>>> print(open('final.cif').read())   # mmCIF, C-alpha atoms
data_protein
#
loop_
_atom_site.label_atom_id
_atom_site.label_comp_id
_atom_site.auth_asym_id
_atom_site.auth_seq_id
_atom_site.Cartn_x
_atom_site.Cartn_y
_atom_site.Cartn_z
CA MET A 1 0.00 0.00 0.00
CA GLU A 2 1.09 3.58 -0.60
CA SER A 3 2.88 5.11 2.37
CA LYS A 4 1.94 8.42 3.99
CA MET A 5 5.29 9.84 2.88
CA LEU A 6 4.53 9.20 -0.80
CA LYS A 7 1.09 10.75 -0.45
CA GLY A 8 2.68 13.82 1.17
CA ILE A 9 5.20 14.14 -1.66
CA LYS A 10 2.41 14.07 -4.26
CA ARG A 11 0.50 16.81 -2.43
CA LEU A 12 3.65 18.94 -2.27
CA LYS A 13 4.13 18.53 -6.02
CA ARG A 14 0.58 19.71 -6.72
CA ILE A 15 0.98 22.67 -4.38
CA ALA A 16 4.34 23.56 -5.95
CA PHE A 17 2.82 23.40 -9.44
CA LEU A 18 -0.05 25.72 -8.41
CA ILE A 19 2.39 28.18 -6.85
CA VAL A 20 4.44 28.23 -10.04
CA ALA A 21 1.24 28.81 -12.09
CA ILE A 22 0.24 31.72 -9.82
CA VAL A 23 3.69 33.29 -10.04
CA VAL A 24 3.79 32.99 -13.85
CA ALA A 25 0.24 34.38 -14.22
CA VAL A 26 0.91 37.34 -11.91
CA THR A 27 4.25 38.11 -13.60
CA ILE A 28 2.73 38.15 -17.07
CA ALA A 29 -0.30 40.15 -15.88
CA ALA A 30 2.00 42.74 -14.32
CA THR A 31 3.34 43.63 -17.75
CA ILE A 32 -0.14 44.67 -18.93
CA PRO A 33 -0.38 48.52 -19.07
CA SER A 34 -4.08 48.70 -18.23
CA PRO A 35 -4.67 48.19 -14.49
CA SER A 36 -8.23 47.00 -15.12
CA LEU A 37 -7.02 44.11 -17.25
CA LYS A 38 -4.28 42.84 -14.95
CA VAL A 39 -6.52 40.83 -12.62
CA PRO A 40 -8.71 39.21 -15.33
CA ILE A 41 -5.64 38.31 -17.38
CA ALA A 42 -3.89 36.86 -14.30
CA VAL A 43 -6.95 34.70 -13.53
CA ILE A 44 -7.24 33.49 -17.14
CA LEU A 45 -3.53 32.66 -17.27
CA PHE A 46 -3.71 30.80 -13.97
CA LEU A 47 -6.65 28.70 -15.17
CA MET A 48 -4.84 27.93 -18.44
CA LEU A 49 -1.66 26.96 -16.67
CA SER A 50 -3.54 24.83 -14.16
CA CYS A 51 -4.98 22.85 -17.10
CA ILE A 52 -1.49 21.82 -18.19
CA ARG A 53 -0.99 18.36 -16.79
CA TYR A 54 2.08 16.13 -16.82
CA THR A 55 3.29 12.73 -15.64
CA THR A 56 6.24 10.42 -16.19
CA VAL A 57 5.92 6.87 -17.52
CA GLU A 58 8.65 4.36 -16.80
CA GLU A 59 10.07 2.12 -19.53
CA GLY A 60 7.99 -1.00 -20.12
CA THR A 61 4.86 0.40 -18.45
CA THR A 62 1.70 2.36 -19.25
CA LYS A 63 -0.51 4.82 -17.39
CA LEU A 64 -4.24 5.50 -17.71
CA ILE A 65 -5.49 9.11 -17.43
CA MET A 66 -8.91 9.39 -15.81
CA ARG A 67 -11.41 12.24 -15.94
CA LEU A 68 -14.50 12.06 -13.76
CA GLY A 69 -14.29 8.25 -13.65
CA GLY A 70 -13.58 7.59 -17.34
CA VAL A 71 -10.40 6.89 -19.32
CA VAL A 72 -9.41 9.80 -21.57
CA LYS A 73 -5.81 8.90 -22.42
CA VAL A 74 -3.44 5.93 -22.32
CA PHE A 75 0.27 6.72 -22.24
CA ILE A 76 2.72 3.96 -23.13
CA GLN A 77 6.49 4.02 -22.74
CA TRP A 78 8.12 0.93 -24.22
CA THR A 79 10.70 1.41 -26.94
CA GLY A 80 9.71 -0.43 -30.14
CA TYR A 81 6.06 -0.87 -29.09
CA LYS A 82 2.85 1.10 -29.52
CA LEU A 83 -0.93 0.86 -29.00
CA ASP A 84 -2.98 -0.33 -31.99
CA LYS A 85 -6.53 0.83 -32.73
CA LYS A 86 -8.02 -1.65 -30.27
CA GLY A 87 -5.73 -0.60 -27.44
CA ASN A 88 -3.45 -3.65 -27.69
CA VAL A 89 0.28 -3.26 -27.09
CA VAL A 90 2.03 -4.40 -30.29
CA PRO A 91 5.45 -3.98 -31.94
CA VAL A 92 5.77 -0.93 -34.17
CA GLY A 93 4.46 -1.73 -37.67
CA TYR A 94 2.04 -4.48 -36.55
CA GLU A 95 -1.44 -4.95 -35.15
CA LEU A 96 -3.44 -7.84 -33.73
CA ASP A 97 -6.15 -9.42 -35.88
CA GLU A 98 -9.33 -11.07 -34.59
CA ASN A 99 -7.44 -14.27 -33.78
CA TYR A 100 -4.78 -12.36 -31.85
CA ASN A 101 -2.09 -12.93 -34.46
CA LEU A 102 0.41 -10.20 -35.30
CA VAL A 103 -0.29 -8.78 -38.77
CA PRO A 104 2.09 -6.32 -40.53
CA MET A 105 0.57 -2.92 -41.30
CA GLY A 106 2.81 -2.10 -44.24
CA GLU A 107 4.56 0.64 -42.33
CA LYS A 108 8.25 1.15 -42.70
CA ILE A 109 9.86 -0.21 -39.57
CA PRO A 110 12.94 1.83 -38.56
CA GLU A 111 16.18 -0.08 -38.30
CA LYS A 112 16.85 1.55 -34.96
CA PRO A 113 14.01 2.16 -32.47
CA LYS A 114 13.06 5.80 -32.10
CA ARG A 115 13.62 7.19 -28.63
CA PRO A 116 11.87 10.49 -27.73
CA TRP A 117 14.20 13.17 -26.41
CA TYR A 118 11.80 13.83 -23.55
CA GLY A 119 11.97 10.18 -22.42
CA GLY A 120 8.98 9.13 -20.34
CA LEU A 121 7.62 12.67 -19.78
CA ARG A 122 4.01 13.12 -20.92
CA ILE A 123 2.26 16.57 -21.04
CA TRP A 124 -1.34 17.25 -22.02
CA ILE A 125 -3.96 19.96 -21.74
CA GLY A 126 -6.61 18.70 -19.42
CA THR A 127 -8.83 19.82 -16.61
CA PRO A 128 -8.39 20.09 -12.86
CA PHE A 129 -10.30 16.81 -12.66
CA ASP A 130 -7.72 14.81 -14.63
CA LYS A 131 -5.66 12.31 -12.67
CA VAL A 132 -3.53 9.21 -13.18
CA HIS A 133 -5.40 6.05 -12.22
CA GLU A 134 -4.08 4.30 -9.12
CA TYR A 135 -4.92 0.84 -7.83
CA ASN A 136 -3.81 -1.82 -5.32
CA LEU A 137 -1.76 -4.81 -6.46
CA ARG A 138 -0.79 -8.01 -4.63
CA TYR A 139 1.49 -10.72 -6.00
CA HIS A 140 4.39 -13.10 -5.29
CA SER A 141 7.57 -12.76 -7.29
CA VAL A 142 10.48 -15.22 -7.36
CA GLU A 143 13.69 -13.66 -6.08
CA GLU A 144 17.12 -14.94 -5.17
CA VAL A 145 17.92 -14.44 -1.50
CA GLU A 146 21.25 -15.69 -0.11
CA GLY A 147 21.73 -18.01 -3.06
CA LYS A 148 18.22 -19.50 -2.86
CA ARG A 149 15.29 -18.80 -5.19
CA ILE A 150 12.29 -18.12 -2.98
CA PRO A 151 8.84 -16.52 -3.41
CA VAL A 152 8.52 -12.98 -2.02
CA PHE A 153 5.14 -11.37 -1.34
CA HIS A 154 4.42 -7.80 -2.51
CA GLU A 155 1.47 -5.55 -1.71
CA ILE A 156 1.71 -2.10 -3.29
CA ARG A 157 -0.33 0.81 -4.56
CA THR A 158 0.74 1.80 -8.04
CA ASP A 159 -0.31 4.05 -10.91
CA CYS A 160 1.25 2.07 -13.77
CA VAL A 161 0.54 -1.22 -15.53
CA MET A 162 3.40 -3.60 -16.37
CA LEU A 163 3.77 -4.29 -20.09
CA ARG A 164 7.06 -6.14 -20.28
CA PRO A 165 7.02 -9.82 -19.26
CA ASP A 166 7.38 -10.71 -15.61
CA ARG A 167 7.14 -14.00 -13.72
CA TYR A 168 4.81 -14.61 -10.82
CA TRP A 169 4.65 -17.40 -8.22
CA ARG A 170 1.57 -19.42 -7.32
CA LYS A 171 1.11 -22.40 -4.97
CA THR A 172 -1.62 -25.01 -5.44
CA ILE A 173 -2.37 -27.19 -2.42
CA GLN A 174 -2.95 -30.96 -2.76
CA VAL A 175 -3.08 -31.34 -6.51
CA GLU A 176 -4.43 -34.76 -7.46
CA THR A 177 -2.31 -36.70 -9.97
CA LYS A 178 -3.33 -39.57 -12.22
CA ASP A 179 -1.81 -42.18 -9.89
CA GLY A 180 -3.73 -40.89 -6.86
CA GLN A 181 -1.02 -38.76 -5.22
CA PHE A 182 -1.73 -35.33 -3.67
CA PRO A 183 1.41 -33.17 -3.82
CA ASP A 184 1.63 -29.41 -3.29
CA VAL A 185 2.73 -27.76 -6.55
CA GLU A 186 4.41 -24.37 -6.89
CA TRP A 187 4.05 -22.77 -10.33
CA GLN A 188 6.01 -19.99 -11.98
CA ILE A 189 3.92 -18.15 -14.59
CA GLY A 190 5.12 -15.40 -16.93
CA MET A 191 2.39 -12.96 -17.92
CA ARG A 192 1.84 -9.30 -18.74
CA SER A 193 -0.82 -6.81 -19.67
CA GLU A 194 -1.45 -6.76 -23.44
CA ASN A 195 -4.42 -4.38 -23.29
CA PRO A 196 -4.10 -1.99 -20.31
CA GLU A 197 -7.76 -0.82 -20.31
CA LYS A 198 -9.10 -4.37 -20.27
CA THR A 199 -6.59 -5.40 -17.64
CA ILE A 200 -7.58 -2.64 -15.23
CA PHE A 201 -11.30 -2.25 -15.87
CA LYS A 202 -12.53 -5.64 -17.21
CA SER A 203 -10.57 -7.99 -14.99
CA PRO A 204 -11.24 -8.17 -11.23
CA HIS A 205 -9.23 -5.98 -8.87
CA ASN A 206 -5.65 -7.15 -8.29
CA TRP A 207 -5.32 -8.41 -11.85
CA VAL A 208 -2.15 -10.47 -11.21
CA GLU A 209 -3.62 -12.31 -8.24
CA ASN A 210 -6.97 -12.95 -9.93
CA GLY A 211 -5.33 -13.96 -13.20
CA LEU A 212 -3.41 -16.66 -11.33
CA ASN A 213 -6.62 -17.69 -9.53
CA GLU A 214 -8.32 -18.16 -12.90
CA LEU A 215 -5.53 -20.52 -14.00
CA GLU A 216 -5.73 -22.77 -10.94
CA PRO A 217 -8.59 -25.05 -12.10
CA SER A 218 -6.79 -25.57 -15.41
CA SER A 219 -3.53 -26.44 -13.68
CA ARG A 220 -5.35 -28.97 -11.48
CA SER A 221 -7.00 -30.56 -14.53
CA PHE A 222 -3.63 -30.74 -16.24
CA ALA A 223 -2.04 -32.47 -13.21
CA ARG A 224 -4.77 -35.12 -13.17
CA THR A 225 -3.56 -36.37 -16.55
CA LYS A 226 -0.03 -37.13 -15.26
CA ASP A 227 1.49 -39.63 -12.87
CA LEU A 228 3.55 -38.00 -10.13
CA LYS A 229 6.99 -39.21 -11.22
CA PRO A 230 6.81 -37.95 -14.87
CA PHE A 231 5.00 -34.83 -13.61
CA LEU A 232 8.13 -33.88 -11.65
CA ASP A 233 10.24 -33.85 -14.82
CA LEU A 234 7.91 -31.81 -17.07
CA LYS A 235 9.58 -29.00 -19.01
CA ARG A 236 8.11 -25.62 -19.93
CA THR A 237 7.60 -26.60 -23.57
CA GLN A 238 5.74 -29.79 -22.63
CA ILE A 239 3.35 -27.92 -20.34
CA TRP A 240 2.74 -25.14 -22.87
CA ASP A 241 1.93 -27.57 -25.70
CA GLU A 242 -0.99 -28.91 -23.66
CA MET A 243 -2.18 -25.68 -22.01
CA LYS A 244 -1.74 -22.99 -24.65
CA ASN A 245 -5.30 -23.49 -25.95
CA ASP A 246 -6.83 -23.92 -22.51
CA HIS A 247 -10.05 -22.00 -21.80
CA ALA A 248 -8.48 -20.02 -18.94
CA VAL A 249 -5.49 -18.93 -21.05
CA THR A 250 -7.85 -17.79 -23.83
CA LEU A 251 -10.19 -16.01 -21.41
CA LEU A 252 -7.36 -14.07 -19.78
CA ARG A 253 -6.15 -12.76 -23.12
CA GLU A 254 -9.43 -12.04 -24.89
CA GLU A 255 -11.53 -10.80 -21.97
CA TRP A 256 -9.03 -9.41 -19.48
CA GLY A 257 -6.20 -8.32 -21.80
CA ILE A 258 -3.67 -10.48 -19.88
CA LYS A 259 -1.28 -12.53 -22.00
CA ILE A 260 0.45 -15.69 -20.76
CA ASP A 261 3.76 -15.65 -22.59
CA GLU A 262 4.78 -18.67 -24.67
CA ASN A 263 6.42 -21.47 -22.65
CA GLU A 264 5.97 -19.45 -19.46
CA ILE A 265 3.98 -21.93 -17.40
CA ALA A 266 6.53 -23.87 -15.42
CA ILE A 267 6.74 -26.03 -12.31
CA PHE A 268 8.78 -24.23 -9.68
CA ALA A 269 8.68 -26.98 -7.02
CA VAL A 270 6.69 -30.08 -6.08
CA THR A 271 6.27 -31.29 -2.50
CA PRO A 272 4.84 -34.84 -2.38
CA SER A 273 2.59 -35.91 0.47
CA LYS A 274 4.23 -37.03 3.72
CA ALA A 275 3.20 -40.66 3.15
CA TYR A 276 4.77 -40.64 -0.32
CA GLN A 277 8.01 -39.11 0.99
CA GLU A 278 8.20 -41.74 3.74
CA ALA A 279 7.61 -44.51 1.19
CA LEU A 280 10.38 -43.12 -1.04
CA ALA A 281 12.77 -42.88 1.91
CA ALA A 282 11.97 -46.46 2.97
CA ARG A 283 12.48 -47.77 -0.56
CA SER A 284 15.74 -45.88 -0.93
CA LYS A 285 16.96 -47.26 2.42
CA ALA A 286 15.98 -50.80 1.43
CA GLN A 287 17.80 -50.46 -1.90
CA MET A 288 20.96 -49.21 -0.18
CA GLU A 289 20.83 -52.02 2.37
CA ALA A 290 20.27 -54.60 -0.37
CA GLU A 291 23.19 -53.20 -2.34
CA ALA A 292 25.41 -53.29 0.75
CA MET A 293 24.39 -56.89 1.47
CA LYS A 294 25.07 -57.85 -2.13
CA LYS A 295 28.55 -56.34 -2.01
CA ARG A 296 29.31 -58.07 1.29
CA ALA A 297 28.09 -61.35 -0.18
CA GLU A 298 30.28 -60.87 -3.24
CA VAL A 299 33.34 -60.18 -1.10
CA GLU A 300 32.63 -63.17 1.14
CA ALA A 301 31.90 -65.38 -1.87
CA SER A 302 35.09 -64.26 -3.56
CA GLY A 303 37.11 -65.13 -0.46
CA ARG A 304 35.29 -68.44 -0.05
CA ALA A 305 35.84 -69.26 -3.72
CA ALA A 306 39.57 -68.59 -3.41
CA GLU A 307 39.70 -70.80 -0.31
CA ILE A 308 37.91 -73.67 -2.11
CA MET A 309 40.08 -73.29 -5.19
CA GLY A 310 43.21 -73.43 -3.04
CA THR A 311 41.99 -76.68 -1.46
CA VAL A 312 41.30 -78.21 -4.89
CA ILE A 313 44.73 -77.22 -6.18
CA GLU A 314 46.38 -78.66 -3.06
CA ALA A 315 44.47 -81.92 -3.65
CA VAL A 316 45.65 -82.08 -7.27
CA VAL A 317 49.24 -81.39 -6.15
CA ARG A 318 49.14 -84.28 -3.69
CA ALA A 319 47.43 -86.66 -6.09
CA THR A 320 49.71 -85.97 -9.07
CA GLY A 321 52.99 -85.11 -7.37
CA LEU A 322 53.28 -81.95 -9.52
CA SER A 323 54.46 -78.66 -8.10
CA LYS A 324 51.86 -76.13 -6.96
CA LYS A 325 53.15 -73.55 -9.43
CA LYS A 326 52.70 -75.92 -12.37
CA VAL A 327 49.17 -76.91 -11.27
CA LYS A 328 48.18 -73.23 -10.94
CA GLU A 329 49.54 -72.45 -14.41
CA GLU A 330 47.64 -75.43 -15.84
CA PHE A 331 44.42 -74.22 -14.23
CA GLN A 332 44.84 -70.58 -15.34
CA GLU A 333 45.66 -71.58 -18.90
CA ASN A 334 42.46 -73.60 -19.44
CA PRO A 335 40.06 -74.02 -16.48
CA GLU A 336 37.65 -76.24 -18.43
CA ALA A 337 40.37 -78.67 -19.55
CA PHE A 338 41.78 -78.63 -16.02
CA TYR A 339 38.40 -79.62 -14.59
CA LYS A 340 37.87 -82.43 -17.11
CA LYS A 341 41.35 -83.79 -16.44
CA HIS A 342 41.04 -83.71 -12.64
CA LYS A 343 37.28 -84.14 -12.33
CA ALA A 344 37.38 -87.02 -9.84
CA ILE A 345 39.78 -85.19 -7.51
CA ALA A 346 37.78 -81.93 -7.73
CA ASP A 347 34.40 -83.61 -7.14
CA ASN A 348 35.70 -85.63 -4.18
CA THR A 349 37.28 -82.52 -2.68
CA MET A 350 34.02 -80.58 -3.00
CA THR A 351 32.08 -83.47 -1.49
CA LYS A 352 34.51 -83.74 1.42
CA LEU A 353 34.28 -79.96 2.08
CA SER A 354 30.48 -80.06 2.11
CA MET A 355 30.42 -83.08 4.44
CA GLU A 356 32.94 -81.52 6.80
CA GLU A 357 31.00 -78.27 7.10
CA ARG A 358 27.62 -80.04 7.24
CA ALA A 359 26.24 -77.01 5.47
CA TYR A 360 24.84 -78.74 2.41
CA LEU A 361 24.48 -75.40 0.71
CA ARG A 362 25.12 -74.38 -2.84
CA ILE A 363 28.54 -72.77 -3.18
CA GLU A 364 27.76 -69.35 -4.71
CA THR A 365 30.61 -67.43 -6.34
CA PRO A 366 29.25 -64.09 -7.67
CA GLY A 367 32.44 -62.31 -6.65
CA ALA A 368 34.82 -64.71 -8.38
CA GLU A 369 36.07 -63.40 -11.71
CA GLY A 370 38.33 -64.64 -14.49
CA ALA A 371 39.60 -68.21 -14.60
CA LEU A 372 38.75 -68.78 -10.94
CA GLY A 373 35.11 -67.91 -11.52
CA ASP A 374 34.93 -69.98 -14.71
CA PHE A 375 36.26 -73.04 -12.92
CA LEU A 376 33.96 -72.73 -9.93
CA ARG A 377 30.96 -72.24 -12.18
CA LEU A 378 31.92 -75.46 -13.95
CA ILE A 379 31.94 -77.28 -10.62
CA GLY A 380 28.40 -76.14 -9.67
CA ALA A 381 28.55 -77.82 -6.31
CA TRP A 382 24.97 -78.65 -5.35
CA GLN A 383 24.18 -80.53 -2.16
CA ARG A 384 20.82 -81.34 -0.64
CA ILE A 385 19.50 -79.55 2.44
CA PRO A 386 18.38 -82.23 4.92
CA GLY A 387 16.86 -80.36 7.81
CA GLY A 388 16.77 -76.62 7.17
CA LYS A 389 18.93 -74.04 8.85
CA PRO A 390 19.58 -74.42 12.59
CA PRO A 391 19.07 -71.48 14.95
CA GLU A 392 21.74 -68.80 14.78
CA GLU A 393 23.34 -69.69 18.15
CA LYS A 394 23.63 -73.38 17.29
CA ARG A 395 25.00 -72.55 13.88
CA LEU A 396 27.73 -70.40 15.39
CA GLN A 397 28.57 -73.10 17.93
CA LYS A 398 28.65 -75.83 15.27
CA GLY A 399 30.74 -73.54 13.09
CA GLU A 400 33.48 -73.48 15.73
CA GLU A 401 33.29 -77.26 16.06
CA ARG A 402 33.47 -77.75 12.30
CA LYS A 403 36.47 -75.42 12.15
CA LYS A 404 38.37 -77.57 14.66
CA ILE A 405 37.43 -80.77 12.75
CA ARG A 406 38.61 -79.23 9.47
CA GLU A 407 41.92 -78.17 10.98
CA LYS A 408 42.45 -81.69 12.40
CA LYS A 409 41.56 -83.42 9.12
CA GLN A 410 43.63 -80.97 7.12
CA LYS A 411 46.69 -81.75 9.20
CA TRP A 412 45.99 -85.48 8.81
CA ILE A 413 45.69 -85.12 5.02
CA GLU A 414 48.86 -83.01 4.82
CA ASP A 415 50.82 -85.80 6.57
CA MET A 416 49.75 -88.35 3.90
CA THR A 417 52.03 -89.45 1.10
CA SER A 418 50.82 -89.00 -2.48
CA GLU A 419 49.98 -92.71 -2.76
CA GLU A 420 47.98 -92.68 0.50
CA TYR A 421 46.10 -89.54 -0.59
CA GLU A 422 45.21 -91.03 -3.98
CA ARG A 423 43.92 -94.21 -2.32
CA TYR A 424 41.90 -92.10 0.15
CA MET A 425 40.31 -90.09 -2.65
CA GLU A 426 39.35 -93.26 -4.56
CA GLU A 427 37.69 -94.67 -1.42
CA MET A 428 35.77 -91.44 -0.92
CA TYR A 429 34.67 -91.53 -4.57
CA PHE A 430 33.33 -95.12 -4.38
CA GLU A 431 31.64 -94.43 -1.03
CA GLU A 432 29.86 -91.50 -2.60
CA GLU A 433 28.66 -93.65 -5.52
CA GLU A 434 27.33 -96.34 -3.17
CA THR A 435 25.53 -93.72 -1.08
CA ALA A 436 23.93 -92.26 -4.20
CA LYS A 437 22.72 -95.71 -5.31
CA GLU A 438 21.17 -96.38 -1.91
CA GLU A 439 19.34 -93.06 -1.97
CA GLU A 440 18.00 -93.69 -5.47
CA ALA A 441 16.73 -97.22 -4.71
CA PRO A 442 13.70 -96.17 -2.54
CA LYS A 443 12.69 -93.58 -5.14
CA LYS A 444 12.48 -96.24 -7.86
#
>>> encode(input="final.cif", output="structure tokens")
Amino acid sequence: MESKMLKGIKRLKRIAFLIVAIVVAVTIAATIPSPSLKVPIAVILFLMLSCIRYTTVEEGTTKLIMRLGGVVKVFIQWTGYKLDKKGNVVPVGYELDENYNLVPMGEKIPEKPKRPWYGGLRIWIGTPFDKVHEYNLRYHSVEEVEGKRIPVFHEIRTDCVMLRPDRYWRKTIQVETKDGQFPDVEWQIGMRSENPEKTIFKSPHNWVENGLNELEPSSRSFARTKDLKPFLDLKRTQIWDEMKNDHAVTLLREEWGIKIDENEIAIFAVTPSKAYQEALAARSKAQMEAEAMKKRAEVEASGRAAEIMGTVIEAVVRATGLSKKKVKEEFQENPEAFYKKHKAIADNTMTKLSMEERAYLRIETPGAEGALGDFLRLIGAWQRIPGGKPPEEKRLQKGEERKKIREKKQKWIEDMTSEEYERYMEEMYFEEEETAKEEEAPKK
């Protein structure tokens, strides 16, 4: 709203102008030789001077001159633009047709825009009743404060109408989307007055605020055609393609003289409902935990795979009498051929490991890469699960017991000669075959 100080300044200007008019009238009248004519001439001059009115119009704006409640003049100050016959603001050399398209008038358009030497000063001969129209205006603009773009509320009293484009902020509460979500949506809309008389006298008071109010039903209808996730990523051009022919956009321009600029309906921010945010946070947390578990499993599997592979290589070394270096080179050169050549030793070793651990679980090796992974995938060590997983405490206790058994058996195997080890492996192999036959017999 206009402050008392501004009102006082305007009154002082009027008083100063009247004083100047009186001084000029009296000075001129004093030069008249006939004393009887001095007073009448002074009064006439004062009245004439008091009818000279003036105002200043800032660049990119317009002012409406009122006389006894009606518009008598419209002053525009916007370089390169003018008012056409219908009162629309158009570029020099053009006018708007019935469909609101710019049509050239055949005028010669100057290469450089003409700028009046008097700038925004406007002088006219009027009456003491002439005045510049003033009105109240409320709106939110988007401004950058401390590095953040935030909406800022304005409530002013002004005597000019904005012609150049400006962007205004509007918040719509609980907009329903196609997938049943209810976010709060903040819009940023660029609009301006295209016909000042319509904007001030045909639209409701506070034309910016009411223009944005008129757009709200259309923005809600638009949101109902979109799921929330793609709605968040909509660009200006995508929104404009669907809303440019909307009833509200057309009404604002044709009836109220307010133009929504092309591609100037944009989403400033979207705040999903609390339930949706919590669901997103929970899903994100679950995904991170799953990823962490997967990585831990891969690391553990990689270490377990290396341990198993080392045991198999040690078994081949003992059974063949070859050096460990040579066995490793043979494996790395061709894992598949290595497996086929030493299949009995590898299978018996895997069987022994499974029986020792009493785990009867599939040996997974997602973390094993290269030749090591190829070889372990060839093995594909499947074992049956007889009784499910024991409770965690018992599993930990049995794990310690199994570890001691493994260490004892490993030492016993290491003390064997190559001939004793080969004979041991053959016995294990035939025992496994007999066990398999016994298990198959009942099934048949």
>>> closest_residue(input="final.cif", among="A:Ile41, A:Ile156, A:Leu121, A:Leu212", to="Ile260 (chain A)", atoms="all atoms listed in the file")
A:Leu212
>>> resolve_selection(input="final.cif", expression="the PyMOL selection byres ((chain A and resi 27) around 12)", output="list in words")
Val20, Ala21, Ile22, Val23, Val24, Ala25, Val26, Ile28, Ala29, Ala30, Thr31, Ile32, Lys38, Val39, Ile41, Ala42, Val43, Leu45 and Phe46 of chain A
>>> resolve_selection(input="final.cif", expression="the PyMOL selection byres ((chain A and resi 268) around 6)", output="list in words")
Glu186, Trp187, Gln188, Ile267 and Ala269 of chain A
>>> closest_residue(input="final.cif", among="A:Leu228, A:Ile313, A:Ile19, A:Met48", to="Val175 (chain A)", atoms="only C-alpha atoms")
A:Leu228
>>> resolve_selection(input="final.cif", expression="the PyMOL selection byres ((chain A and resi 207) around 12)", output="ChimeraX atom specification")
/A:135-139,161-162,168,191-193,196-206,208-214,252,256-259
>>> atom_distance(input="final.cif", atom1="CA of Ile308 (chain A)", atom2="CA of Ala292 (chain A)")
24.1 Å
>>> closest_residue(input="final.cif", among="A:Gln287, A:Leu18, A:Phe182, A:Ile173", to="Leu47 (chain A)", atoms="all atoms listed in the file")
A:Leu18
>>> decode(input="final.cif", residues="region 205-252 of chain A", atoms="C-alpha atoms", output="PDB file, in the first residue's frame")
ATOM      1  CA  HIS A 205      -9.233  -5.985  -8.870  1.00  0.00           C
ATOM      2  CA  ASN A 206      -5.655  -7.151  -8.291  1.00  0.00           C
ATOM      3  CA  TRP A 207      -5.321  -8.412 -11.846  1.00  0.00           C
ATOM      4  CA  VAL A 208      -2.152 -10.471 -11.207  1.00  0.00           C
ATOM      5  CA  GLU A 209      -3.618 -12.314  -8.241  1.00  0.00           C
ATOM      6  CA  ASN A 210      -6.972 -12.946  -9.926  1.00  0.00           C
ATOM      7  CA  GLY A 211      -5.333 -13.964 -13.200  1.00  0.00           C
ATOM      8  CA  LEU A 212      -3.413 -16.660 -11.332  1.00  0.00           C
ATOM      9  CA  ASN A 213      -6.620 -17.691  -9.533  1.00  0.00           C
ATOM     10  CA  GLU A 214      -8.318 -18.160 -12.904  1.00  0.00           C
ATOM     11  CA  LEU A 215      -5.525 -20.515 -14.004  1.00  0.00           C
ATOM     12  CA  GLU A 216      -5.730 -22.771 -10.935  1.00  0.00           C
ATOM     13  CA  PRO A 217      -8.595 -25.052 -12.104  1.00  0.00           C
ATOM     14  CA  SER A 218      -6.787 -25.570 -15.413  1.00  0.00           C
ATOM     15  CA  SER A 219      -3.530 -26.437 -13.678  1.00  0.00           C
ATOM     16  CA  ARG A 220      -5.350 -28.967 -11.478  1.00  0.00           C
ATOM     17  CA  SER A 221      -7.000 -30.559 -14.526  1.00  0.00           C
ATOM     18  CA  PHE A 222      -3.629 -30.743 -16.238  1.00  0.00           C
ATOM     19  CA  ALA A 223      -2.036 -32.472 -13.213  1.00  0.00           C
ATOM     20  CA  ARG A 224      -4.770 -35.123 -13.168  1.00  0.00           C
ATOM     21  CA  THR A 225      -3.558 -36.374 -16.552  1.00  0.00           C
ATOM     22  CA  LYS A 226      -0.034 -37.129 -15.265  1.00  0.00           C
ATOM     23  CA  ASP A 227       1.490 -39.632 -12.872  1.00  0.00           C
ATOM     24  CA  LEU A 228       3.550 -38.000 -10.134  1.00  0.00           C
ATOM     25  CA  LYS A 229       6.992 -39.208 -11.222  1.00  0.00           C
ATOM     26  CA  PRO A 230       6.807 -37.950 -14.869  1.00  0.00           C
ATOM     27  CA  PHE A 231       5.005 -34.833 -13.605  1.00  0.00           C
ATOM     28  CA  LEU A 232       8.134 -33.877 -11.648  1.00  0.00           C
ATOM     29  CA  ASP A 233      10.241 -33.851 -14.823  1.00  0.00           C
ATOM     30  CA  LEU A 234       7.913 -31.807 -17.070  1.00  0.00           C
ATOM     31  CA  LYS A 235       9.581 -28.996 -19.014  1.00  0.00           C
ATOM     32  CA  ARG A 236       8.105 -25.621 -19.934  1.00  0.00           C
ATOM     33  CA  THR A 237       7.597 -26.599 -23.567  1.00  0.00           C
ATOM     34  CA  GLN A 238       5.736 -29.788 -22.628  1.00  0.00           C
ATOM     35  CA  ILE A 239       3.347 -27.917 -20.337  1.00  0.00           C
ATOM     36  CA  TRP A 240       2.744 -25.143 -22.868  1.00  0.00           C
ATOM     37  CA  ASP A 241       1.935 -27.572 -25.697  1.00  0.00           C
ATOM     38  CA  GLU A 242      -0.990 -28.910 -23.659  1.00  0.00           C
ATOM     39  CA  MET A 243      -2.180 -25.684 -22.006  1.00  0.00           C
ATOM     40  CA  LYS A 244      -1.743 -22.991 -24.652  1.00  0.00           C
ATOM     41  CA  ASN A 245      -5.297 -23.490 -25.954  1.00  0.00           C
ATOM     42  CA  ASP A 246      -6.832 -23.915 -22.513  1.00  0.00           C
ATOM     43  CA  HIS A 247     -10.048 -22.001 -21.800  1.00  0.00           C
ATOM     44  CA  ALA A 248      -8.475 -20.018 -18.938  1.00  0.00           C
ATOM     45  CA  VAL A 249      -5.486 -18.934 -21.047  1.00  0.00           C
ATOM     46  CA  THR A 250      -7.848 -17.790 -23.832  1.00  0.00           C
ATOM     47  CA  LEU A 251     -10.194 -16.008 -21.408  1.00  0.00           C
ATOM     48  CA  LEU A 252      -7.364 -14.068 -19.779  1.00  0.00           C
TER      49      LEU A 252
END
